[in-house]
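See below for entry-v6.cif, which holds mmCIF, C-alpha atoms.
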data_target
#
loop_
_atom_site.label_atom_id
_atom_site.label_comp_id
_atom_site.auth_asym_id
_atom_site.auth_seq_id
_atom_site.Cartn_x
_atom_site.Cartn_y
_atom_site.Cartn_z
CA MET A 260 73.80 48.04 175.76
CA SER A 261 75.98 51.07 176.50
CA LEU A 262 75.09 53.62 179.17
CA ASP A 263 74.79 56.29 176.48
CA LYS A 264 72.26 54.16 174.60
CA VAL A 265 70.23 53.51 177.74
CA LEU A 266 70.12 57.21 178.58
CA TYR A 267 69.27 58.06 174.99
CA ASN A 268 66.29 55.69 175.07
CA PHE A 269 65.10 57.15 178.38
CA ALA A 270 65.33 60.63 176.91
CA ARG A 271 63.38 59.65 173.80
CA ARG A 272 60.63 58.10 175.95
CA GLY A 273 60.39 61.27 178.04
CA VAL A 274 61.70 59.63 181.20
CA LEU A 275 64.63 62.07 181.33
CA PRO A 276 64.35 65.78 180.49
CA LEU A 277 66.13 67.17 177.46
CA GLN A 278 68.26 70.14 176.62
CA GLN A 279 67.68 71.11 173.01
CA ASN A 280 69.91 73.87 171.67
CA GLY A 281 69.07 76.42 174.36
CA VAL A 282 68.04 77.05 177.93
CA GLY A 283 66.18 74.58 180.06
CA SER A 284 68.85 71.96 180.61
CA GLY A 285 68.25 68.45 181.80
CA PRO A 286 70.78 65.63 182.22
CA ILE A 287 70.54 64.72 178.51
CA SER A 288 71.41 66.91 175.53
CA ILE A 289 69.96 66.16 172.09
CA GLY A 290 71.24 67.93 168.99
CA GLU A 291 69.17 69.13 166.03
CA SER A 292 69.72 65.81 164.28
CA GLY A 293 68.32 63.91 167.25
CA ARG A 294 71.76 62.66 168.30
CA MET A 295 72.65 62.62 171.99
CA ILE A 296 75.69 64.85 172.29
CA ARG A 297 76.31 64.92 176.05
CA THR A 298 75.35 63.23 179.30
CA GLY A 299 75.52 64.60 182.81
CA VAL A 300 73.94 67.50 184.65
CA GLY A 301 75.12 70.94 183.59
CA ARG A 302 75.95 72.83 180.41
CA GLU A 303 79.27 74.05 179.08
CA PHE A 304 80.00 77.47 177.59
CA PHE A 305 83.19 78.66 175.91
CA VAL A 306 84.84 82.11 175.89
CA ALA A 307 87.75 83.01 173.62
CA GLY A 308 88.94 86.54 174.28
CA ASN A 309 91.07 86.53 171.13
CA TRP A 310 88.71 85.19 168.47
CA GLY A 311 85.19 84.77 169.86
CA ALA A 312 82.03 86.75 169.11
CA ASP A 313 79.14 87.48 171.43
CA THR A 314 76.78 86.74 168.53
CA ASN A 315 77.92 83.09 168.66
CA ASP A 316 76.05 80.50 170.70
CA GLY A 317 79.11 79.90 172.94
CA LEU A 318 78.57 76.13 172.98
CA SER A 319 81.95 75.06 171.57
CA TRP A 320 85.44 76.31 170.76
CA ASP A 321 84.24 76.64 167.16
CA THR A 322 81.56 79.14 168.21
CA PRO A 323 82.81 80.75 171.44
CA PHE A 324 81.65 83.95 173.04
CA LEU A 325 84.09 86.87 173.06
CA THR A 326 83.35 88.05 176.60
CA LEU A 327 82.72 86.46 179.95
CA ALA A 328 79.73 88.77 180.34
CA ALA A 329 77.98 87.05 177.41
CA ALA A 330 78.72 83.59 178.81
CA ILE A 331 77.50 84.64 182.24
CA THR A 332 74.22 85.89 180.76
CA ALA A 333 73.73 82.59 178.94
CA ASN A 334 74.62 80.58 182.04
CA ASN A 335 72.28 82.47 184.33
CA ALA A 336 69.40 82.13 181.89
CA ASP A 337 70.03 78.39 181.77
CA VAL A 338 70.19 78.04 185.55
CA ALA A 339 66.97 80.03 186.03
CA ALA A 340 65.03 78.28 183.27
CA ASP A 341 63.55 75.28 185.09
CA LYS A 342 63.98 72.78 187.92
CA TYR A 343 66.87 71.05 186.15
CA GLY A 344 68.78 74.29 185.87
CA TRP A 345 68.18 75.07 189.54
CA ALA A 346 70.14 71.97 190.58
CA THR A 347 72.81 72.16 187.90
CA ARG A 348 76.54 72.75 187.95
CA ASN A 349 77.59 74.44 184.71
CA ARG A 350 81.05 75.25 183.36
CA ILE A 351 82.51 78.19 181.47
CA TYR A 352 85.87 77.57 179.80
CA PHE A 353 87.81 80.83 179.38
CA THR A 354 90.94 81.71 177.40
CA ALA A 355 92.40 85.19 176.79
CA ASP A 356 95.74 86.99 176.72
CA PRO A 357 94.37 89.22 178.17
CA SER A 358 90.70 90.13 178.25
CA THR A 359 89.58 93.46 179.72
CA GLU A 360 86.10 93.65 181.24
CA SER A 361 84.72 94.61 184.62
CA LEU A 362 81.97 92.17 185.55
CA THR A 363 78.71 93.31 187.14
CA SER A 364 77.28 89.81 187.37
CA PHE A 365 78.75 86.43 188.24
CA PRO A 366 77.64 83.02 186.91
CA ALA A 367 75.36 81.15 189.28
CA LYS A 368 76.11 77.51 190.11
CA CYS A 369 78.98 77.52 187.67
CA ASP A 370 82.72 76.84 187.51
CA VAL A 371 84.75 79.32 185.44
CA ILE A 372 87.85 77.41 184.32
CA GLY A 373 90.86 79.16 182.86
CA VAL A 374 92.60 77.31 180.02
CA GLY A 375 95.45 78.18 177.67
CA SER A 376 98.09 80.76 178.55
CA CYS A 377 98.88 84.47 178.63
CA ASP A 378 102.48 85.51 178.09
CA ALA A 379 104.62 83.37 180.43
CA TYR A 380 101.66 82.38 182.63
CA PRO A 381 99.91 79.01 182.18
CA MET A 382 96.50 80.61 182.60
CA PRO A 383 94.36 83.30 180.94
CA THR A 384 94.34 86.88 182.23
CA LEU A 385 91.28 88.95 183.11
CA LYS A 386 91.75 92.69 183.69
CA GLY A 387 89.05 94.57 185.57
CA ARG A 388 87.22 95.34 188.80
CA HIS A 389 84.30 93.06 189.57
CA THR A 390 81.17 93.67 191.66
CA ALA A 391 77.84 91.87 191.27
CA ALA A 392 74.62 93.89 191.17
CA ALA A 393 72.29 90.92 191.75
CA GLU A 394 72.27 87.55 193.48
CA HIS A 395 73.91 84.64 191.65
CA LEU A 396 75.14 82.05 194.13
CA GLY A 397 77.80 79.36 193.95
CA CYS A 398 80.36 80.66 191.45
CA ARG A 399 83.87 79.17 191.50
CA TRP A 400 86.95 80.45 189.62
CA PHE A 401 89.84 78.15 188.65
CA ASN A 402 93.28 78.93 187.15
CA ILE A 403 92.74 82.59 186.17
CA ARG A 404 95.12 85.53 186.57
CA PHE A 405 93.32 88.67 187.77
CA ARG A 406 94.95 92.02 187.01
CA PRO A 407 93.79 95.52 187.91
CA GLU A 408 92.32 97.63 185.12
CA ALA A 409 92.00 100.71 187.36
CA SER A 410 92.95 101.56 190.93
CA GLY A 411 90.71 99.97 193.54
CA ASP A 412 89.65 96.46 194.56
CA ILE A 413 89.66 93.53 192.13
CA PHE A 414 86.68 91.64 193.64
CA THR A 415 84.03 93.19 195.90
CA LEU A 416 81.73 90.49 197.29
CA SER A 417 78.48 90.53 199.26
CA ALA A 418 75.61 88.22 200.18
CA TYR A 419 74.81 88.17 196.46
CA ASP A 420 77.93 86.03 196.06
CA ASN A 421 77.57 83.38 198.76
CA GLY A 422 79.47 80.22 197.88
CA MET A 423 82.15 82.03 195.85
CA ALA A 424 85.48 80.25 195.49
CA PHE A 425 88.88 81.10 194.02
CA ILE A 426 91.09 78.05 193.47
CA GLY A 427 94.54 78.11 191.89
CA CYS A 428 94.23 81.72 190.75
CA GLN A 429 96.64 84.68 190.81
CA PHE A 430 95.89 88.26 191.89
CA VAL A 431 98.22 91.07 190.81
CA GLY A 432 98.89 93.99 193.16
CA VAL A 433 100.54 96.45 190.77
CA GLU A 434 100.06 96.81 187.01
CA SER A 435 102.28 99.54 185.55
CA THR A 436 101.07 102.71 187.33
CA ILE A 437 97.92 101.04 188.71
CA THR A 438 97.87 99.76 192.30
CA THR A 439 95.25 97.34 193.58
CA SER A 440 93.77 98.35 196.95
CA ASN A 441 92.42 94.95 198.06
CA ALA A 442 92.50 91.78 196.01
CA ILE A 443 89.26 90.59 197.62
CA VAL A 444 86.99 92.62 199.91
CA THR A 445 83.76 91.23 201.34
CA ALA A 446 80.72 92.23 203.38
CA ALA A 447 78.35 89.48 204.57
CA CYS A 448 79.59 86.90 202.07
CA GLU A 449 79.13 83.34 203.35
CA LEU A 450 80.91 80.15 202.29
CA LEU A 451 83.81 81.98 200.66
CA THR A 452 86.77 79.76 199.74
CA ILE A 453 90.20 81.10 198.76
CA MET A 454 92.55 78.18 198.14
CA ASP A 455 95.96 77.67 196.54
CA CYS A 456 96.07 81.21 195.14
CA ASP A 457 98.97 83.63 194.64
CA PHE A 458 98.72 87.30 195.63
CA ASP A 459 101.73 89.10 194.19
CA GLY A 460 102.86 92.72 194.38
CA ALA A 461 102.48 95.71 196.65
CA PHE A 462 98.74 95.82 197.34
CA GLY A 463 97.83 99.23 198.73
CA ASN A 464 95.61 97.99 201.59
CA GLU A 465 94.81 94.64 203.18
CA VAL A 466 95.26 91.92 200.57
CA ILE A 467 92.19 89.95 201.72
CA TYR A 468 89.62 91.98 203.67
CA ILE A 469 86.68 90.19 205.33
CA GLY A 470 84.29 92.91 206.39
CA THR A 471 81.09 93.42 208.35
CA GLY A 472 78.39 90.74 208.41
CA ASN A 473 78.00 86.99 208.19
CA ALA A 474 81.21 85.34 206.93
CA SER A 475 80.34 81.82 208.08
CA GLY A 476 82.11 78.98 206.34
CA LEU A 477 85.12 81.11 205.37
CA LYS A 478 88.13 79.08 204.23
CA ILE A 479 91.48 80.73 203.41
CA ILE A 480 93.79 77.77 202.86
CA GLY A 481 97.14 77.16 201.21
CA ASN A 482 97.70 80.59 199.65
CA ARG A 483 100.85 82.62 199.05
CA ILE A 484 100.71 86.36 199.75
CA ARG A 485 103.90 88.10 198.66
CA GLY A 486 103.67 91.83 199.16
CA GLY A 487 101.33 94.36 200.70
CA ALA A 488 101.61 97.77 202.32
CA SER A 489 99.18 96.80 205.09
CA ASP A 490 97.90 93.50 206.54
CA GLY A 491 97.84 90.22 204.67
CA ILE A 492 94.51 88.78 205.87
CA TYR A 493 92.16 91.04 207.83
CA ILE A 494 88.95 89.88 209.54
CA LYS A 495 86.91 92.86 210.77
CA THR A 496 85.72 93.06 214.37
CA ASP A 497 82.06 92.75 213.42
CA ALA A 498 82.45 89.87 210.99
CA THR A 499 80.16 87.14 212.31
CA PHE A 500 80.19 83.36 212.12
CA THR A 501 77.12 81.19 212.79
CA SER A 502 77.04 77.59 213.93
CA VAL A 503 75.36 76.50 210.68
CA ASN A 504 78.38 76.99 208.42
CA GLY A 505 80.97 77.44 211.14
CA ALA A 506 83.86 79.69 212.08
CA GLY A 507 86.48 80.75 209.59
CA ILE A 508 89.56 78.63 208.89
CA ILE A 509 92.88 80.30 208.00
CA LYS A 510 95.34 77.50 207.42
CA ASP A 511 98.63 76.67 205.65
CA ASN A 512 99.21 80.11 204.16
CA PHE A 513 102.55 81.84 203.53
CA ILE A 514 102.34 85.62 204.00
CA TYR A 515 104.88 88.42 203.58
CA VAL A 516 103.52 91.95 204.17
CA ALA A 517 104.57 95.25 205.71
CA LEU A 518 102.29 95.06 208.76
CA ILE A 519 100.26 92.24 210.36
CA THR A 520 100.32 88.91 208.53
CA ILE A 521 96.95 87.72 209.90
CA ASN A 522 94.76 90.19 211.76
CA ASP A 523 91.63 88.48 213.06
CA ALA A 524 89.99 91.35 214.91
CA SER A 525 86.83 89.25 215.25
CA SER A 526 88.70 86.65 217.36
CA LYS A 527 86.48 83.98 215.82
CA CYS A 528 88.69 82.23 213.23
CA TYR A 529 90.81 79.12 213.54
CA ILE A 530 94.40 80.08 212.65
CA VAL A 531 96.50 76.97 212.03
CA ASP A 532 99.89 76.09 210.51
CA ASN A 533 100.54 79.43 208.82
CA ARG A 534 103.97 80.89 208.06
CA GLY A 535 104.50 84.63 207.91
CA ILE A 536 107.05 87.41 207.67
CA SER A 537 106.25 90.97 208.68
CA ALA A 538 108.42 93.98 208.00
CA ALA A 539 107.06 95.54 211.19
CA ASP A 540 108.23 95.05 214.77
CA ASP A 541 106.63 91.89 216.09
CA GLY A 542 105.75 93.58 219.40
CA THR A 543 104.87 91.77 222.61
CA ALA A 544 104.08 88.09 222.01
CA GLY A 545 104.00 88.79 218.28
CA ALA A 546 101.13 91.32 218.51
CA GLY A 547 102.63 93.41 215.71
CA ASN A 548 102.83 90.35 213.45
CA ILE A 549 99.70 88.29 214.12
CA VAL A 550 96.41 89.03 215.90
CA GLY A 551 93.79 86.47 216.83
CA ASN A 552 92.23 84.38 219.56
CA VAL A 553 95.01 82.23 221.04
CA LYS A 554 92.37 79.64 221.96
CA TYR A 555 91.82 79.07 218.23
CA GLY A 556 95.47 79.13 217.14
CA VAL A 557 97.83 76.21 216.52
CA ASN A 558 101.43 76.03 215.28
CA ASN A 559 101.91 79.32 213.44
CA ILE A 560 105.55 80.31 212.88
CA LEU A 561 106.27 83.94 212.11
CA SER A 562 109.25 86.28 211.74
CA GLY A 563 109.58 90.00 212.29
CA ASN A 564 112.28 92.42 213.34
CA ASP A 565 114.98 89.71 213.14
CA LYS A 566 113.08 87.35 215.45
CA THR A 567 111.13 84.18 214.77
CA PHE A 568 108.45 82.96 217.14
CA LEU A 569 105.65 80.45 217.54
CA TRP A 570 102.06 81.65 217.92
CA PRO A 571 100.44 80.81 220.23
CA ALA A 572 103.48 80.29 222.39
CA LEU A 573 104.16 76.84 223.78
CA ALA A 574 103.38 76.43 227.44
CA ALA A 575 104.17 73.72 229.96
CA MET A 576 101.39 71.23 230.53
CA ALA A 577 99.70 71.61 233.86
#
Would you mind writing the file's structure down as structure tokens?
Amino acid sequence: MSLDKVLYNFARRGVLPLQQNGVGSGPISIGESGRMIRTGVGREFFVAGNWGADTNDGLSWDTPFLTLAAAITANNADVAADKYGWATRNRIYFTADPSTESLTSFPAKCDVIGVGSCDAYPMPTLKGRHTAAAEHLGCRWFNIRFRPEASGDIFTLSAYDNGMAFIGCQFVGVESTITTSNAIVTAACELLTIMDCDFDGAFGNEVIYIGTGNASGLKIIGNRIRGGASDGIYIKTDATFTSVNGAGIIKDNFIYVALITINDASSKCYIVDNRGISAADDGTAGAGNIVGNVKYGVNNILSGNDKTFLWPALAAMA
């Protein structure tokens, strides 16, 4: 007997919970005809910025939502519905070329996955400035190009957004006459991951700004920052890191900016294997190019003012 048949029988006997054309998801989904249409924890929603409608159910590419906001509302209702939703991991598939909306809520316990293309880019484009007004934890964004819709920051994150991740995305610094201030700015946002992303164009301020409050579990790994009028990665003095989720890790990034490539004013992050170019004078021991706790630094190579240096500097073994 196939696994699908076994699970179907369990569902029919009430051993496994059902998801039936709406919120309240369990591991098994049964359609109106009584046919099992999906196995596995979590629901899938679909957003088509070119042809969807928010009056659709958003459950397939045949009936997609038009906006991410509609999919987020449906996702969050599903996650909040019952004990199966609480432990779920949903998905939103998103295509648009481009879509313009500024989000005021993010999808809880959900992966937003960009598919399709926009112009020459192998990913959809979302234009807007995004700040959550309520807590929805554990959102991750994959393969999406974020463009500014108005001057200011693209993402503003707080404790409402703990567990946020950006993986394989692109952030645009300048769009016509519009300049992005910060691509990502945070205050007390834990477990933030920024990985394998591109930050392109002349951002007006720090490209990534980690502000006041608990930033434990921060990971900024494998990104490319190409352009910025200020610092590349800035960690504020009063950013804190607890032993539960650990100190921040800034690793394997390439950074080209006008001022300091990595500026860890908190002196609490591990800074490892980064490469950077600053248009500013590198100062004494690279202080104009990189700032951090030398006890937490390993093998960073940086250039500035026609000089290349290793930070922290190599020293003879005692």
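Applied to this file, the PyMOL selection byres ((chain A and resi 510) around 9) selects the residues Lys478, Ile479, Ile480, Gly481, Asn482, Ile508, Ile509, Asp511, Asn512, Tyr529, Ile530, Val531, Asp532 and Asn533 of chain A.
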Using only C-alpha atoms, determine which residues lie at most 12 Å from A:Trp320, disregarding the query and same-chain residues fewer than 2 positions distant; provide the list as JSON, numbers by chain.
{"A": [303, 304, 305, 306, 307, 308, 309, 310, 311, 312, 315, 316, 317, 318, 322, 323, 324, 325, 351, 352, 353, 354, 374]}
Please return, as a PyMOL selection string, all polymer residues that have at least one atom within 7 Å of the point (91.3, 100.3, 187.6); use all atoms listed in the file and the file's own coordinate frame.
chain A and resi 387-388+407-411+437
Selected residues written out with C-alpha atoms, as a short mmCIF file (atom, residue, chain, number, x, y, z; two decimals), keeping the file's coordinate frame:
data_model
loop_
_atom_site.label_atom_id
_atom_site.label_comp_id
_atom_site.auth_asym_id
_atom_site.auth_seq_id
_atom_site.Cartn_x
_atom_site.Cartn_y
_atom_site.Cartn_z
CA GLY A 387 89.05 94.57 185.57
CA ARG A 388 87.22 95.34 188.80
CA PRO A 407 93.79 95.52 187.91
CA GLU A 408 92.32 97.63 185.12
CA ALA A 409 92.00 100.71 187.36
CA SER A 410 92.95 101.56 190.93
CA GLY A 411 90.71 99.97 193.54
CA ILE A 437 97.92 101.04 188.71
#
What lies within 8 Å of A:Phe365 using all atoms listed in the file, ignoring chain neighbours under 6 positions off, as a tab-separated table (two decimals) with C-alpha atoms, in the frame of the given file?
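New file result09.tsv:
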chain	number	residue	atom	x	y	z
A	331	ILE	CA	77.50	84.64	182.24
A	391	ALA	CA	77.84	91.87	191.27
A	395	HIS	CA	73.91	84.64	191.65
A	398	CYS	CA	80.36	80.66	191.45
A	420	ASP	CA	77.93	86.03	196.06
Work out how far atom CA of A:Arg350 is from atom CA of A:Ile413, in Å to one decimal.
22.0 Å
Please provide the set of residues having any atom within 6 Å of A:Met382, restricted to all atoms listed in the file, with same-chain residues fewer than 4 positions apart removed, written as an NGL selection string.
:A and (373-376 or 402-403)
Could those residues be written to a file, using C-alpha atoms, as a tab-separated table (two decimals), in the coordinates of the input?
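Ended up saving to result-v6.tsv:
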chain	number	residue	atom	x	y	z
A	373	GLY	CA	90.86	79.16	182.86
A	374	VAL	CA	92.60	77.31	180.02
A	375	GLY	CA	95.45	78.18	177.67
A	376	SER	CA	98.09	80.76	178.55
A	402	ASN	CA	93.28	78.93	187.15
A	403	ILE	CA	92.74	82.59	186.17
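On the file presented, the PyMOL selection byres ((chain A and resi 421) around 8) picks out A:Leu396, A:Gly397, A:Ser417, A:Ala418, A:Tyr419, A:Asp420, A:Gly422, A:Met423, A:Cys448, A:Glu449, A:Leu450, A:Leu451.
By all atoms listed in the file, and with residues fewer than 2 positions from A:Asn552 along its chain excluded, the set lying at most 12 Å from it is Ile494, Ile521, Asn522, Asp523, Ala524, Ser525, Ser526, Lys527, Cys528, Tyr529, Ile530, Val531, Ala546, Ile549, Val550, Lys554, Tyr555, Gly556, Val557, Trp570 and Pro571 of chain A.
The coordinates place atom CA of A:Asn334 at 26.0 Å from atom CA of A:Asp455.
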Starting from the displayed file, determine the output of the PyMOL selection byres ((chain A and resi 473) around 12) and express the residue list as an MDAnalysis selection string.
chainID A and resid 417:418 421 445:451 469:472 474:477 494:507 525 527
Name the closest residue to A:Ser435 among the candidates A:Ser358, A:Arg406, A:Thr363, A:Ile467; distances are taken between atoms, counting all atoms listed in the file.
A:Arg406
